[in-house]
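As provided, data_25.tsv (TSV, C-alpha atoms) reads as follows.
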chain	number	residue	atom	x	y	z
A	1	MET	CA	81.68	82.94	89.15
A	2	ASN	CA	82.72	85.92	87.06
A	3	VAL	CA	83.45	89.37	88.46
A	4	ASN	CA	84.68	92.57	86.88
A	5	LEU	CA	88.11	93.23	88.40
A	6	ASN	CA	89.69	96.58	87.50
A	7	GLY	CA	87.82	96.61	84.22
A	8	ALA	CA	88.46	93.01	83.14
A	9	THR	CA	86.25	89.93	83.54
A	10	ARG	CA	87.93	87.39	85.84
A	11	SER	CA	86.82	83.94	86.96
A	12	LEU	CA	86.86	83.14	90.67
A	13	MET	CA	85.74	80.23	92.83
A	14	ASP	CA	82.08	80.52	93.82
A	15	ASP	CA	83.02	81.18	97.46
A	16	ALA	CA	85.73	83.74	96.59
A	17	THR	CA	86.31	86.77	98.83
A	18	VAL	CA	87.59	90.29	98.25
A	19	ALA	CA	91.01	89.05	99.38
A	20	ASP	CA	90.94	86.33	96.71
A	21	ALA	CA	90.26	88.91	94.02
A	22	ALA	CA	93.07	91.08	95.35
A	23	ALA	CA	95.43	88.11	95.29
A	24	LEU	CA	94.89	87.83	91.53
A	25	LEU	CA	96.67	91.20	91.31
A	26	ASP	CA	99.33	90.30	93.92
A	27	VAL	CA	97.74	92.73	96.37
A	28	ARG	CA	97.50	92.10	100.09
A	29	PRO	CA	95.67	94.31	102.57
A	30	GLY	CA	97.83	97.14	103.87
A	31	ARG	CA	98.48	100.85	103.79
A	32	GLY	CA	98.26	102.45	100.38
A	33	VAL	CA	95.62	100.11	98.96
A	34	ALA	CA	91.86	100.52	98.83
A	35	VAL	CA	89.07	98.37	97.46
A	36	ALA	CA	85.61	99.27	96.28
A	37	VAL	CA	82.93	96.70	95.48
A	38	ASN	CA	80.07	98.14	93.44
A	39	GLY	CA	81.29	101.62	94.35
A	40	GLU	CA	81.38	101.12	98.12
A	41	VAL	CA	84.62	101.00	100.13
A	42	VAL	CA	85.50	97.65	101.65
A	43	PRO	CA	87.69	98.39	104.72
A	44	ARG	CA	90.82	96.25	104.86
A	45	GLY	CA	89.49	94.44	107.92
A	46	GLU	CA	86.58	93.17	105.83
A	47	TRP	CA	88.39	91.63	102.88
A	48	GLY	CA	87.04	88.26	103.98
A	49	ARG	CA	83.67	89.34	102.60
A	50	ARG	CA	82.26	87.01	99.90
A	51	LEU	CA	81.89	88.33	96.39
A	52	ARG	CA	78.83	87.72	94.23
A	53	GLU	CA	78.40	87.01	90.55
A	54	ALA	CA	78.97	90.15	88.40
A	55	ASP	CA	80.34	92.24	91.27
A	56	HIS	CA	82.34	95.22	90.11
A	57	VAL	CA	85.63	95.24	92.03
A	58	GLU	CA	88.11	98.12	91.92
A	59	ILE	CA	91.50	97.73	93.59
A	60	LEU	CA	93.41	101.00	93.77
A	61	ARG	CA	96.68	102.35	95.03
A	62	ALA	CA	98.71	105.57	95.01
A	63	SER	CA	99.85	106.93	91.71
A	64	GLN	CA	101.61	110.14	90.70
A	65	GLY	CA	99.10	112.96	90.53
A	66	GLY	CA	98.82	116.74	90.67
B	1	MET	CA	106.10	134.05	113.16
B	2	ASP	CA	104.40	133.43	109.84
B	3	ASP	CA	103.29	129.84	110.16
B	4	PHE	CA	100.99	128.22	107.64
B	5	THR	CA	98.52	126.10	109.57
B	6	VAL	CA	95.60	124.11	108.19
B	7	ASP	CA	93.34	121.88	110.28
B	8	GLY	CA	95.71	122.34	113.23
B	9	VAL	CA	98.76	121.19	111.25
B	10	THR	CA	101.61	123.64	110.68
B	11	LEU	CA	103.27	123.01	107.34
B	12	PRO	CA	106.99	123.72	106.84
B	13	SER	CA	106.45	125.40	103.48
B	14	ARG	CA	103.75	127.32	101.66
B	15	LEU	CA	104.52	125.34	98.55
B	16	ILE	CA	102.47	122.19	97.89
B	17	LEU	CA	103.87	119.92	95.22
B	18	GLY	CA	101.98	117.64	92.88
B	19	THR	CA	103.77	114.56	91.62
B	20	GLY	CA	101.81	114.23	88.37
B	21	GLY	CA	104.00	114.28	85.28
B	22	ALA	CA	107.27	113.29	86.94
B	23	SER	CA	109.36	111.14	84.60
B	24	SER	CA	110.17	108.63	87.37
B	25	HIS	CA	109.84	108.11	91.10
B	26	ALA	CA	113.48	109.19	91.44
B	27	ALA	CA	112.74	112.46	89.62
B	28	ALA	CA	109.72	113.03	91.86
B	29	GLU	CA	111.81	112.41	94.96
B	30	ALA	CA	114.53	114.84	93.89
B	31	ALA	CA	111.91	117.50	93.17
B	32	ILE	CA	110.12	116.98	96.49
B	33	ARG	CA	113.38	117.37	98.39
B	34	ALA	CA	114.52	120.43	96.43
B	35	SER	CA	111.14	122.13	96.82
B	36	GLY	CA	111.20	122.06	100.61
B	37	THR	CA	107.51	121.17	100.59
B	38	GLY	CA	105.81	119.38	103.45
B	39	LEU	CA	102.72	118.33	101.51
B	40	VAL	CA	102.52	116.30	98.31
B	41	THR	CA	99.53	115.31	96.22
B	42	VAL	CA	98.97	111.80	94.89
B	43	ALA	CA	96.18	110.18	92.90
B	44	LEU	CA	94.41	106.83	93.29
B	45	ARG	CA	94.54	104.55	90.27
B	46	ARG	CA	93.98	100.90	89.48
B	47	VAL	CA	96.73	98.57	90.69
B	48	ASP	CA	99.21	97.77	87.95
B	49	PRO	CA	101.13	94.64	89.01
B	50	SER	CA	103.86	95.43	86.46
B	51	ALA	CA	104.57	98.96	87.76
B	52	PRO	CA	107.86	99.26	89.67
B	53	GLY	CA	107.85	100.73	93.20
B	54	SER	CA	105.29	103.11	94.65
B	55	ILE	CA	105.01	106.87	94.89
B	56	LEU	CA	103.87	106.22	98.46
B	57	ASP	CA	107.36	104.90	99.31
B	58	VAL	CA	108.84	108.11	97.88
B	59	VAL	CA	106.53	110.26	99.97
B	60	ASP	CA	107.33	108.26	103.10
B	61	ARG	CA	111.09	108.50	102.48
B	62	CYS	CA	110.83	112.27	102.11
B	63	GLY	CA	108.87	112.53	105.38
B	64	VAL	CA	106.15	114.70	103.87
B	65	ARG	CA	102.38	114.60	104.32
B	66	LEU	CA	100.01	113.23	101.73
B	67	LEU	CA	97.20	115.13	100.07
B	68	PRO	CA	95.27	112.58	97.99
B	69	ASN	CA	93.35	114.04	95.07
B	70	THR	CA	90.18	113.12	93.20
B	71	ALA	CA	91.68	113.91	89.81
B	72	GLY	CA	89.69	112.65	86.85
B	73	CYS	CA	86.31	112.71	88.59
B	74	PHE	CA	83.46	114.32	86.65
B	75	THR	CA	80.67	113.96	89.22
B	76	ALA	CA	80.19	114.57	92.92
B	77	VAL	CA	79.35	110.90	93.40
B	78	GLN	CA	82.63	109.79	91.81
B	79	ALA	CA	84.65	112.32	93.79
B	80	VAL	CA	83.05	111.42	97.13
B	81	ARG	CA	83.69	107.71	96.51
B	82	THR	CA	87.29	108.44	95.54
B	83	ALA	CA	87.81	110.50	98.70
B	84	HIS	CA	86.50	107.65	100.86
B	85	LEU	CA	88.84	105.22	99.08
B	86	ALA	CA	91.75	107.60	99.66
B	87	ARG	CA	90.93	107.79	103.36
B	88	GLU	CA	90.89	103.99	103.48
B	89	ALA	CA	94.19	103.70	101.57
B	90	PHE	CA	96.18	106.44	103.29
B	91	GLY	CA	94.52	106.97	106.63
B	92	THR	CA	94.06	110.70	106.06
B	93	GLY	CA	90.90	112.74	105.90
B	94	TRP	CA	92.65	115.43	103.87
B	95	VAL	CA	91.57	115.48	100.24
B	96	LYS	CA	92.23	117.75	97.29
B	97	LEU	CA	88.75	117.83	95.80
B	98	GLU	CA	88.81	118.01	92.03
B	99	VAL	CA	85.60	117.66	90.03
B	100	ILE	CA	86.13	118.65	86.44
B	101	GLY	CA	83.61	119.61	83.77
B	102	ASP	CA	85.34	118.36	80.63
B	103	GLU	CA	88.61	116.99	79.39
B	104	LYS	CA	89.41	119.86	77.06
B	105	THR	CA	89.56	122.56	79.71
B	106	LEU	CA	89.83	120.49	82.91
B	107	LEU	CA	87.95	123.38	84.50
B	108	PRO	CA	86.06	122.60	87.72
B	109	ASP	CA	82.32	121.88	87.46
B	110	PRO	CA	81.07	124.32	90.11
B	111	VAL	CA	77.73	122.59	90.73
B	112	GLU	CA	79.25	119.14	91.28
B	113	LEU	CA	82.19	120.63	93.20
B	114	LEU	CA	80.03	122.37	95.78
B	115	ALA	CA	77.80	119.31	96.18
B	116	ALA	CA	80.84	117.07	96.73
B	117	ALA	CA	82.40	119.53	99.18
B	118	GLU	CA	79.23	119.68	101.28
B	119	LYS	CA	78.98	115.88	101.41
B	120	LEU	CA	82.65	115.36	102.26
B	121	VAL	CA	82.63	117.99	104.99
B	122	ALA	CA	79.59	116.22	106.46
B	123	ASP	CA	81.54	112.94	106.25
B	124	GLY	CA	84.35	114.46	108.32
B	125	PHE	CA	86.88	115.22	105.59
B	126	THR	CA	89.24	118.19	105.45
B	127	VAL	CA	88.40	119.38	101.97
B	128	TRP	CA	90.89	121.34	99.84
B	129	PRO	CA	88.74	122.29	96.84
B	130	TYR	CA	90.28	123.04	93.44
B	131	THR	CA	87.98	125.76	92.18
B	132	ASN	CA	87.45	128.33	89.47
B	133	ASP	CA	88.78	131.83	90.05
B	134	ASP	CA	85.26	132.86	91.06
B	135	PRO	CA	85.01	134.86	94.30
B	136	ILE	CA	81.40	133.85	94.91
B	137	LEU	CA	82.02	130.14	94.47
B	138	ALA	CA	85.10	130.40	96.68
B	139	ARG	CA	83.00	131.95	99.42
B	140	ARG	CA	80.34	129.26	99.03
B	141	LEU	CA	83.01	126.57	99.43
B	142	ALA	CA	84.38	128.25	102.53
B	143	ASP	CA	80.84	128.59	103.91
B	144	ALA	CA	80.38	124.85	103.27
B	145	GLY	CA	83.24	124.18	105.68
B	146	CYS	CA	86.34	123.96	103.50
B	147	PRO	CA	89.27	125.27	105.57
B	148	VAL	CA	91.04	126.55	102.44
B	149	VAL	CA	90.02	127.31	98.86
B	150	MET	CA	92.25	126.65	95.86
B	151	PRO	CA	91.40	128.77	92.81
B	152	LEU	CA	93.16	128.18	89.53
B	153	GLY	CA	95.49	130.71	87.96
B	154	SER	CA	94.74	129.19	84.55
B	155	PRO	CA	93.76	125.71	83.35
B	156	ILE	CA	95.75	122.71	84.57
B	157	GLY	CA	99.01	122.16	82.74
B	158	THR	CA	98.78	125.28	80.58
B	159	GLY	CA	101.53	127.28	82.28
B	160	LEU	CA	99.60	130.45	81.38
B	161	GLY	CA	100.12	131.90	84.85
B	162	ILE	CA	97.48	133.96	86.66
B	163	ARG	CA	94.99	135.08	84.00
B	164	ASN	CA	92.79	137.07	86.36
B	165	PRO	CA	94.84	138.45	89.24
B	166	HIS	CA	91.98	140.79	90.14
B	167	ASN	CA	89.72	137.83	90.91
B	168	ILE	CA	92.44	136.11	92.93
B	169	ALA	CA	92.78	139.28	95.01
B	170	LEU	CA	88.98	139.39	95.46
B	171	ILE	CA	89.00	135.76	96.62
B	172	VAL	CA	91.77	136.51	99.12
B	173	GLU	CA	89.74	139.47	100.37
B	174	GLY	CA	86.38	137.73	100.60
B	175	ALA	CA	86.75	133.99	101.09
B	176	GLY	CA	87.42	134.19	104.82
B	177	VAL	CA	89.80	131.19	104.66
B	178	PRO	CA	93.38	130.81	103.39
B	179	VAL	CA	93.68	130.81	99.60
B	180	ILE	CA	96.04	128.50	97.73
B	181	LEU	CA	96.71	129.25	94.09
B	182	ASP	CA	96.33	125.91	92.31
B	183	ALA	CA	97.03	125.24	88.63
B	184	GLY	CA	98.40	127.23	85.74
B	185	ILE	CA	101.72	128.29	87.22
B	186	GLY	CA	104.48	128.07	84.62
B	187	THR	CA	107.50	129.62	86.25
B	188	ALA	CA	108.80	131.09	89.49
B	189	SER	CA	107.69	134.70	88.95
B	190	GLU	CA	104.06	133.52	88.72
B	191	ALA	CA	104.31	131.65	92.01
B	192	ALA	CA	105.74	134.81	93.58
B	193	GLN	CA	102.89	136.83	92.06
B	194	ALA	CA	100.32	134.53	93.67
B	195	MET	CA	101.89	135.13	97.06
B	196	GLU	CA	102.15	138.88	96.45
B	197	LEU	CA	98.39	138.87	95.75
B	198	GLY	CA	97.90	137.55	99.26
B	199	CYS	CA	97.58	133.84	98.66
B	200	SER	CA	98.63	131.70	101.61
B	201	GLY	CA	100.23	129.05	99.44
B	202	VAL	CA	100.78	127.70	95.96
B	203	LEU	CA	100.07	124.21	94.64
B	204	LEU	CA	101.81	123.22	91.42
B	205	ALA	CA	102.91	120.09	89.61
B	206	SER	CA	103.57	120.43	85.88
B	207	ALA	CA	105.65	123.59	86.27
B	208	VAL	CA	108.19	121.47	88.13
B	209	THR	CA	107.71	117.94	86.85
B	210	ARG	CA	107.70	118.98	83.18
B	211	ALA	CA	110.45	121.62	83.43
B	212	GLU	CA	113.66	120.86	81.58
B	213	ASP	CA	115.36	120.51	84.96
B	214	PRO	CA	112.64	119.62	87.48
B	215	THR	CA	114.96	119.68	90.50
B	216	ALA	CA	116.22	123.17	89.70
B	217	MET	CA	112.68	124.43	89.07
B	218	ALA	CA	111.54	122.92	92.38
B	219	GLU	CA	114.24	124.92	94.14
B	220	ALA	CA	113.22	128.04	92.20
B	221	MET	CA	109.61	127.59	93.31
B	222	ARG	CA	110.69	127.15	96.92
B	223	HIS	CA	112.39	130.55	96.85
B	224	ALA	CA	109.65	132.21	94.79
B	225	VAL	CA	106.97	131.34	97.33
B	226	ILE	CA	109.12	132.63	100.18
B	227	ALA	CA	109.99	135.82	98.29
B	228	GLY	CA	106.40	136.48	97.28
B	229	ARG	CA	105.15	135.99	100.81
B	230	LEU	CA	107.78	138.34	102.23
B	231	ALA	CA	106.96	140.97	99.60
B	232	HIS	CA	103.25	140.70	100.40
B	233	ARG	CA	103.90	141.22	104.07
B	234	ALA	CA	106.41	143.99	103.43
B	235	GLY	CA	103.87	146.02	101.45
B	236	ARG	CA	104.79	147.19	97.96
B	237	ILE	CA	105.09	150.86	97.02
B	238	PRO	CA	102.12	152.37	95.20
B	239	ARG	CA	102.29	152.55	91.42
B	240	ARG	CA	102.80	156.12	90.13
B	241	THR	CA	102.34	157.72	86.75
B	242	HIS	CA	105.37	159.95	87.13
B	243	ALA	CA	108.84	159.48	88.51
B	244	GLU	CA	109.65	160.16	92.12
B	245	ALA	CA	113.36	160.71	92.79
B	246	SER	CA	114.91	158.40	95.31
B	247	THR	CA	117.83	160.82	95.67
B	248	ALA	CA	116.89	164.22	97.12
B	249	PHE	CA	117.43	167.32	94.95
B	250	GLU	CA	118.02	169.42	98.10
B	251	GLY	CA	121.68	170.29	98.63
B	252	MET	CA	122.52	169.79	94.98
B	253	ALA	CA	125.64	171.73	93.87
B	254	ALA	CA	125.29	174.67	91.41
B	255	LEU	CA	127.55	173.48	88.60
C-alpha cells encoding of this file:
Amino acid sequence: MNVNLNGATRSLMDDATVADAAALLDVRPGRGVAVAVNGEVVPRGEWGRRLREADHVEILRASQGG
Amino acid sequence: MDDFTVDGVTLPSRLILGTGGASSHAAAEAAIRASGTGLVTVALRRVDPSAPGSILDVVDRCGVRLLPNTAGCFTAVQAVRTAHLAREAFGTGWVKLEVIGDEKTLLPDPVELLAAAEKLVADGFTVWPYTNDDPILARRLADAGCPVVMPLGSPIGTGLGIRNPHNIALIVEGAGVPVILDAGIGTASEAAQAMELGCSGVLLASAVTRAEDPTAMAEAMRHAVIAGRLAHRAGRIPRRTHAEASTAFEGMAAL
C-alpha cells in the first residue's frame, strides 16, 4: 500500500503499522517524537496500529524554534 | 522574594530563550547557559534522518524546562493539533501558542488565537499565548484561562523594540495575569524597558541567536531583565520639564 509519509509517497507492506512507517525514517518510539495519522495523535503505546491505504502520516521531533 | 511562578512552577529567571536561529546546537547551548534562563522554546518539525543531534539533548544537558511552540500554524485547528503532538513528544502541557495571520508580518491572527486558546485550556494545557499588543485581546486570553499573556513588542525577528509601550503598560495594568514581552526585542535596553513597564518576563530568540556574539548577548539579556525588574520595583523618579538640583543651594558660600 502507499501512504504519505512526511510529505512523500512511500510504499509499505499491506499490513504495515505506524511503527513500520517510523522505521523507514530510523525513528523508534521514545521521548521527543510524536506521530500524527490523518491529523490525530497516535500515542507511542499505540504504534502497533495498522495503517490504511493513502493515510497521511507525520512523524515529528524537536527542532530549534523561537 | 521576587519569584516568578507560573502554573505552580518557580522559574530561576524572568528571561525565556528561544532557540530559533541559532547557528548550531553548540551555539544554542552556550547561549542558554549564558542567559541563565530556566525555560527554552522549541518547535516541532518533520524528522530529518540526516540532521545531526537533537536540540532536545541540548535542553536536557542544560537542565532547563521546555516550552514547545506552535510556530508556523495559521489556523486554530493546526495549532491545537501541534500542541497535542508536543504534549505527546515532550510530556508537557505547557505550550507557547502561536497562530499567525500571514508570512509577511507574522502577526498573530486574533480570531484563530483566541479559539485555539479556549480549546487548549479545555484540553488541560497551560497556554502561553503570543498575542498582539492589544489590551482587550490580552484580557480575553486571560479570561479564557491563559495563566500568562505574551504581547509582541514588534513583529518577530524585526528587532524594532517596543513600538507601543503605552499598550504594553495597559496590558500589564488590565490583563490580570503576568505579562511576558515576546518578540521584537533587538538589544538589552529594550528587554530592560519591557521589565520597567511592568512585564513579568521577556521571551526572545533572534536578538540572541542572530547577534554577532550570541553568548555575549545572552549574558547581556540576563542582566537587562534583572536590571529592568529591579528598576520597576524601585520606582523611577517622575519626569520633569525643568531641572531640580540634586545639590542643595542652602548654605552656599557668598563668593
Using all atoms listed in the file, what table do you get, as a tab-separated table, when you list each residue of chain A with an atom no more than 9 Å from chain B, its nearest pair of atoms, and their distance in Å rounded to one decimal, rows by chain then rising number?
residue	atom	partner	partner_atom	distance
A:Asn6	CA	B:Arg46	CA	6.4
A:Leu25	CA	B:Pro49	CA	6.1
A:Asp26	CA	B:Pro49	CA	6.8
A:Val27	CA	B:Val47	CA	8.2
A:Gly30	CA	B:Ala89	CA	7.8
A:Arg31	CA	B:Ala89	CA	5.6
A:Gly32	CA	B:Ala89	CA	4.4
A:Val33	CA	B:Ala89	CA	4.7
A:Ala34	CA	B:Ala89	CA	4.8
A:Val35	CA	B:Leu85	CA	7.0
A:Ala36	CA	B:Leu85	CA	7.3
A:Gly39	CA	B:Arg81	CA	6.9
A:Glu40	CA	B:Arg81	CA	7.2
A:Val41	CA	B:Leu85	CA	6.1
A:Val42	CA	B:Glu88	CA	8.5
A:Pro43	CA	B:Glu88	CA	6.6
A:Arg44	CA	B:Glu88	CA	7.9
A:Glu58	CA	B:Arg46	CA	6.9
A:Ile59	CA	B:Arg46	CA	5.8
A:Leu60	CA	B:Arg46	CA	4.3
A:Arg61	CA	B:Leu44	CA	5.3
A:Ala62	CA	B:Leu44	CA	4.8
A:Ser63	CA	B:Ala43	CA	5.0
A:Gln64	CA	B:Gly20	CA	4.7
A:Gly65	CA	B:Gly20	CA	3.7
A:Gly66	CA	B:Gly18	CA	4.0
Just to be explicit: take each residue in the selection above, keep C-alpha atoms, and write the result as a PDB file, keeping the file's coordinate frame.
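Generated output (again20.pdb):
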ATOM      1  CA  ASN A   6      89.690  96.580  87.500  1.00  0.00           C
ATOM      2  CA  LEU A  25      96.670  91.200  91.310  1.00  0.00           C
ATOM      3  CA  ASP A  26      99.330  90.300  93.920  1.00  0.00           C
ATOM      4  CA  VAL A  27      97.740  92.730  96.370  1.00  0.00           C
ATOM      5  CA  GLY A  30      97.830  97.140 103.870  1.00  0.00           C
ATOM      6  CA  ARG A  31      98.480 100.850 103.790  1.00  0.00           C
ATOM      7  CA  GLY A  32      98.260 102.450 100.380  1.00  0.00           C
ATOM      8  CA  VAL A  33      95.620 100.110  98.960  1.00  0.00           C
ATOM      9  CA  ALA A  34      91.860 100.520  98.830  1.00  0.00           C
ATOM     10  CA  VAL A  35      89.070  98.370  97.460  1.00  0.00           C
ATOM     11  CA  ALA A  36      85.610  99.270  96.280  1.00  0.00           C
ATOM     12  CA  GLY A  39      81.290 101.620  94.350  1.00  0.00           C
ATOM     13  CA  GLU A  40      81.380 101.120  98.120  1.00  0.00           C
ATOM     14  CA  VAL A  41      84.620 101.000 100.130  1.00  0.00           C
ATOM     15  CA  VAL A  42      85.500  97.650 101.650  1.00  0.00           C
ATOM     16  CA  PRO A  43      87.690  98.390 104.720  1.00  0.00           C
ATOM     17  CA  ARG A  44      90.820  96.250 104.860  1.00  0.00           C
ATOM     18  CA  GLU A  58      88.110  98.120  91.920  1.00  0.00           C
ATOM     19  CA  ILE A  59      91.500  97.730  93.590  1.00  0.00           C
ATOM     20  CA  LEU A  60      93.410 101.000  93.770  1.00  0.00           C
ATOM     21  CA  ARG A  61      96.680 102.350  95.030  1.00  0.00           C
ATOM     22  CA  ALA A  62      98.710 105.570  95.010  1.00  0.00           C
ATOM     23  CA  SER A  63      99.850 106.930  91.710  1.00  0.00           C
ATOM     24  CA  GLN A  64     101.610 110.140  90.700  1.00  0.00           C
ATOM     25  CA  GLY A  65      99.100 112.960  90.530  1.00  0.00           C
ATOM     26  CA  GLY A  66      98.820 116.740  90.670  1.00  0.00           C
TER      27      GLY A  66
END
_For CA of Pro165 (chain B) and CA of Asp2 (chain B), the interatomic separation in Å (one decimal)_ = 23.3 Å
*asked:* Need the shell around Leu15 (chain B): protein/DNA/RNA residues with any atom at most 6 Å away, counting only C-alpha atoms. Skip same-chain ones fewer than 3 positions apart. Format as number ranges by chain?
replied: B: 37, 201-202
*Check the smallest atom-to-atom distance from each of A:Asp55, A:Arg50, A:Asn4, A:Arg28 to Ala16 (chain A) using only C-alpha atoms, then report the winner.*
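Closest to Ala16 (chain A), using only C-alpha atoms: A:Arg50.
One distance worth recording is that between CA of Gly101 (chain B) and CA of Leu39 (chain B), which is 26.1 Å.
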_So, with all atoms listed in the file as the atoms that count, which of B:Pro110, B:Gly63, B:Gly8, B:Gly124 lies closest to Gly93 (chain B)?_
B:Gly124
_Computed interatomic separation between CA of Leu160 (chain B) and CA of Phe4 (chain B) (Å)_ = 26.4 Å
*Using all atoms listed in the file, which residue out of B:Leu107, B:Leu66, B:Ala175, B:Ala122 lies closest to Leu137 (chain B)?*
B:Ala175
*Who sits within 10 Å of Arg10 (chain A), all atoms listed in the file, same chain under 6 positions skipped, as a list in words*: Met1, Asn2, Val3, Asn4, Ala21, Leu24 and Ala54 of chain A
Selected residues written out with C-alpha atoms, as an mmCIF file, keeping the file's coordinate frame:
data_model
loop_
_atom_site.group_PDB
_atom_site.id
_atom_site.type_symbol
_atom_site.label_atom_id
_atom_site.label_comp_id
_atom_site.auth_asym_id
_atom_site.auth_seq_id
_atom_site.Cartn_x
_atom_site.Cartn_y
_atom_site.Cartn_z
ATOM 1 C CA MET A 1 81.680 82.940 89.150
ATOM 2 C CA ASN A 2 82.720 85.920 87.060
ATOM 3 C CA VAL A 3 83.450 89.370 88.460
ATOM 4 C CA ASN A 4 84.680 92.570 86.880
ATOM 5 C CA ALA A 21 90.260 88.910 94.020
ATOM 6 C CA LEU A 24 94.890 87.830 91.530
ATOM 7 C CA ALA A 54 78.970 90.150 88.400
#
_Minimum-distance residue to Val148 (chain B), chosen among B:Ala192, B:Cys199, B:Val58, B:Ile168 (using all atoms listed in the file)_ =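 Among B:Ala192, B:Cys199, B:Val58, B:Ile168, it is B:Cys199 that comes nearest to Val148 (chain B).
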